[in-house]
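Structure first, then comments.
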Amino acid sequence: MRFIELNKSLQQGIKQIYTIIGDDFFLIKQAINKLKTMTIKAFEEFNFASIDGSRVKTDELNTILDTLPFNNDYRLIYITDLRPEIVDFINKYDFASSNYLVLVTNNEKIKNAEIIDCSKLDRIDINKYILNELAKNNLSIEEPAMEYLIDMCDQDMTNITSELNKLICYTKDDKIITHSIVANLVSDNTSYAIFMLTNAIDNKDYAKYQQIMSMLDKSNSYTEIFMFMGKYFRRMEYIALNKNDNELSKILNIKPYAIKKSREYIAKNGIKYYINLYQKYIELDYLIKSGKISVYNALYELIF
């Protein structure tokens, strides 16, 4: 089921096992909170457990699952990053007479699990969310402003909610959020747009390249963008050529989850893809410093 159907589903009854899929972190957090609200009425510190599935042992998980709820109808066990043996253990575990739920993320191999799809919402649902949040504050928004906000945030609810809070605070006295207000407050979010640009490159989404670059053009931060791209491609090349995730996490100062996602893109696009991108960056960086090409032209050549 899609995230927006979760409330209705919970009203009809709670399942014992849920799997969250998708990559919108705002929706994932909301789904977890909804399940916690429905199931944990008392002693959350005892009745809610968050487990790292990449580290927990099967006997430890067995003990956790065998523990009964305390002064509450349910226990909610939230497990992330499942190893294959943990998936097998959960699939073999007898949930028949239990009074707790198991919630896992991004693993569709769990048997009899109700899937909650937390992929990005479509524009219609995002529009409804924005209008509803603005109505709570007696505000409205022009349609071009709405479309620009959604495009600038790439339909990502985490970023939309953050920017929306900023817009609400800024326009409380004006009552109407205009396109110029959104452009002035949101278009300077260069770091997020750069992040979305690297995401488009990882997914080889050529239409998205052009859309994001048209937004970044307004920032005139070509040197900043070019340097960020170089750091990103160097990081991807480094991850592609090294296998020790713990060592990489320390050297690059990034979380293991970020390395895991990077490896997924490397497996999808191939190691040569990122090696060639970084080598291209080095060539263009030399041409910039030699005065043979502008940063603007180098950036576009690197991206396209």
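Residue numbering restarts at 1 in every chain; chains get A, B, ... in the order shown in the structure tokens, and ligands count up from 1 in that same order.
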
Need the shell around Ser9 of chain A: protein/DNA/RNA residues with any atom at most 12 Å away, counting only C-alpha atoms. Skip same-chain ones fewer than 4 positions apart. Format as an mmCIF file with N, CA, C and O atoms, in the first residue's frame?
data_model
loop_
_atom_site.group_PDB
_atom_site.id
_atom_site.type_symbol
_atom_site.label_atom_id
_atom_site.label_comp_id
_atom_site.auth_asym_id
_atom_site.auth_seq_id
_atom_site.Cartn_x
_atom_site.Cartn_y
_atom_site.Cartn_z
ATOM 1 N N MET A 1 0.842 -1.199 0.000
ATOM 2 C CA MET A 1 0.000 0.000 0.000
ATOM 3 C C MET A 1 0.879 1.253 0.000
ATOM 4 O O MET A 1 2.002 1.221 0.495
ATOM 5 N N ARG A 2 0.350 2.322 -0.557
ATOM 6 C CA ARG A 2 1.067 3.589 -0.546
ATOM 7 C C ARG A 2 0.960 4.236 0.832
ATOM 8 O O ARG A 2 0.038 3.944 1.597
ATOM 9 N N PHE A 3 1.908 5.101 1.132
ATOM 10 C CA PHE A 3 1.950 5.740 2.448
ATOM 11 C C PHE A 3 0.627 6.427 2.783
ATOM 12 O O PHE A 3 0.147 6.353 3.925
ATOM 13 N N ILE A 4 0.026 7.088 1.804
ATOM 14 C CA ILE A 4 -1.197 7.851 2.069
ATOM 15 C C ILE A 4 -2.379 6.949 2.417
ATOM 16 O O ILE A 4 -3.417 7.432 2.867
ATOM 17 N N GLU A 5 -2.228 5.642 2.204
ATOM 18 C CA GLU A 5 -3.285 4.693 2.550
ATOM 19 C C GLU A 5 -3.086 4.076 3.935
ATOM 20 O O GLU A 5 -3.916 3.292 4.403
ATOM 21 N N GLY A 13 -7.328 -2.390 11.140
ATOM 22 C CA GLY A 13 -6.634 -3.422 11.907
ATOM 23 C C GLY A 13 -5.139 -3.354 11.722
ATOM 24 O O GLY A 13 -4.657 -2.911 10.674
ATOM 25 N N ILE A 14 -4.416 -3.789 12.744
ATOM 26 C CA ILE A 14 -2.963 -3.730 12.709
ATOM 27 C C ILE A 14 -2.400 -5.091 12.299
ATOM 28 O O ILE A 14 -2.812 -6.133 12.808
ATOM 29 N N LYS A 15 -1.460 -5.077 11.359
ATOM 30 C CA LYS A 15 -0.788 -6.311 10.931
ATOM 31 C C LYS A 15 0.368 -6.597 11.895
ATOM 32 O O LYS A 15 0.790 -5.742 12.671
ATOM 33 N N TYR A 18 5.382 -5.449 9.079
ATOM 34 C CA TYR A 18 5.368 -4.424 8.052
ATOM 35 C C TYR A 18 6.762 -4.280 7.452
ATOM 36 O O TYR A 18 7.767 -4.414 8.140
ATOM 37 N N ALA A 31 5.671 7.152 8.829
ATOM 38 C CA ALA A 31 5.095 5.802 8.918
ATOM 39 C C ALA A 31 5.451 5.154 10.253
ATOM 40 O O ALA A 31 4.595 4.547 10.910
ATOM 41 N N LYS A 34 3.441 6.796 13.013
ATOM 42 C CA LYS A 34 2.027 6.392 13.005
ATOM 43 C C LYS A 34 1.857 5.026 13.671
ATOM 44 O O LYS A 34 0.922 4.813 14.454
ATOM 45 N N LEU A 35 2.751 4.103 13.370
ATOM 46 C CA LEU A 35 2.685 2.775 13.972
ATOM 47 C C LEU A 35 2.953 2.836 15.471
ATOM 48 O O LEU A 35 2.307 2.141 16.257
ATOM 49 N N MET A 38 -0.151 4.201 17.210
ATOM 50 C CA MET A 38 -1.250 3.238 17.252
ATOM 51 C C MET A 38 -0.998 2.101 18.247
ATOM 52 O O MET A 38 -1.938 1.538 18.799
ATOM 53 N N GLU A 114 3.101 -6.706 5.386
ATOM 54 C CA GLU A 114 2.335 -5.639 4.735
ATOM 55 C C GLU A 114 3.334 -4.566 4.307
ATOM 56 O O GLU A 114 4.070 -4.017 5.126
ATOM 57 N N ILE A 115 3.390 -4.289 3.011
ATOM 58 C CA ILE A 115 4.367 -3.327 2.497
ATOM 59 C C ILE A 115 3.809 -1.908 2.560
ATOM 60 O O ILE A 115 2.676 -1.648 2.132
ATOM 61 N N ILE A 116 4.600 -0.994 3.108
ATOM 62 C CA ILE A 116 4.263 0.430 3.136
ATOM 63 C C ILE A 116 5.217 1.125 2.167
ATOM 64 O O ILE A 116 6.424 1.197 2.414
#

*Neighbours of Ile79 of chain A within 8 Å (only C-alpha atoms; same-chain residues fewer than 6 positions away dropped), as a list in words?*
Ser50, Ile51, Asp52, Gly53, Val102, Leu103, Val104 and Thr105 of chain A

*Where in segment 219-262 of chain A does DSSP assign helix (DSSP H, G or I), given as a PyMOL selection string?*
chain A and resi 219+222-241+245-252+256-262

File of the preceding selection, C-alpha atoms, as a CSV table (one decimal), in the first residue's frame:
chain,number,residue,atom,x,y,z
A,219,SER,CA,22.7,31.0,-8.2
A,222,TYR,CA,29.6,27.6,-10.8
A,223,THR,CA,32.9,27.3,-9.0
A,224,GLU,CA,31.2,25.9,-5.8
A,225,ILE,CA,29.2,23.4,-7.9
A,226,PHE,CA,32.2,22.3,-9.9
A,227,MET,CA,34.3,21.7,-6.8
A,228,PHE,CA,31.4,19.8,-5.1
A,229,MET,CA,31.1,17.6,-8.2
A,230,GLY,CA,34.8,16.8,-8.1
A,231,LYS,CA,34.7,15.9,-4.4
A,232,TYR,CA,31.6,13.7,-5.1
A,233,PHE,CA,33.2,11.8,-8.0
A,234,ARG,CA,36.5,11.4,-6.1
A,235,ARG,CA,34.5,9.8,-3.2
A,236,MET,CA,32.6,7.5,-5.6
A,237,GLU,CA,35.8,6.4,-7.3
A,238,TYR,CA,37.4,5.8,-3.9
A,239,ILE,CA,34.5,3.7,-2.7
A,240,ALA,CA,34.4,1.8,-6.0
A,241,LEU,CA,38.1,0.8,-5.7
A,245,ASP,CA,33.4,-0.2,4.5
A,246,ASN,CA,34.5,0.5,8.1
A,247,GLU,CA,37.7,2.0,6.9
A,248,LEU,CA,36.0,4.0,4.2
A,249,SER,CA,33.5,5.4,6.8
A,250,LYS,CA,36.4,6.7,8.9
A,251,ILE,CA,38.4,8.1,6.1
A,252,LEU,CA,35.6,9.8,4.2
A,256,PRO,CA,27.9,3.3,6.6
A,257,TYR,CA,24.4,3.8,5.1
A,258,ALA,CA,25.8,6.4,2.7
A,259,ILE,CA,28.5,3.9,1.6
A,260,LYS,CA,25.9,1.2,1.1
A,261,LYS,CA,23.8,3.5,-1.2
A,262,SER,CA,27.0,4.5,-3.1
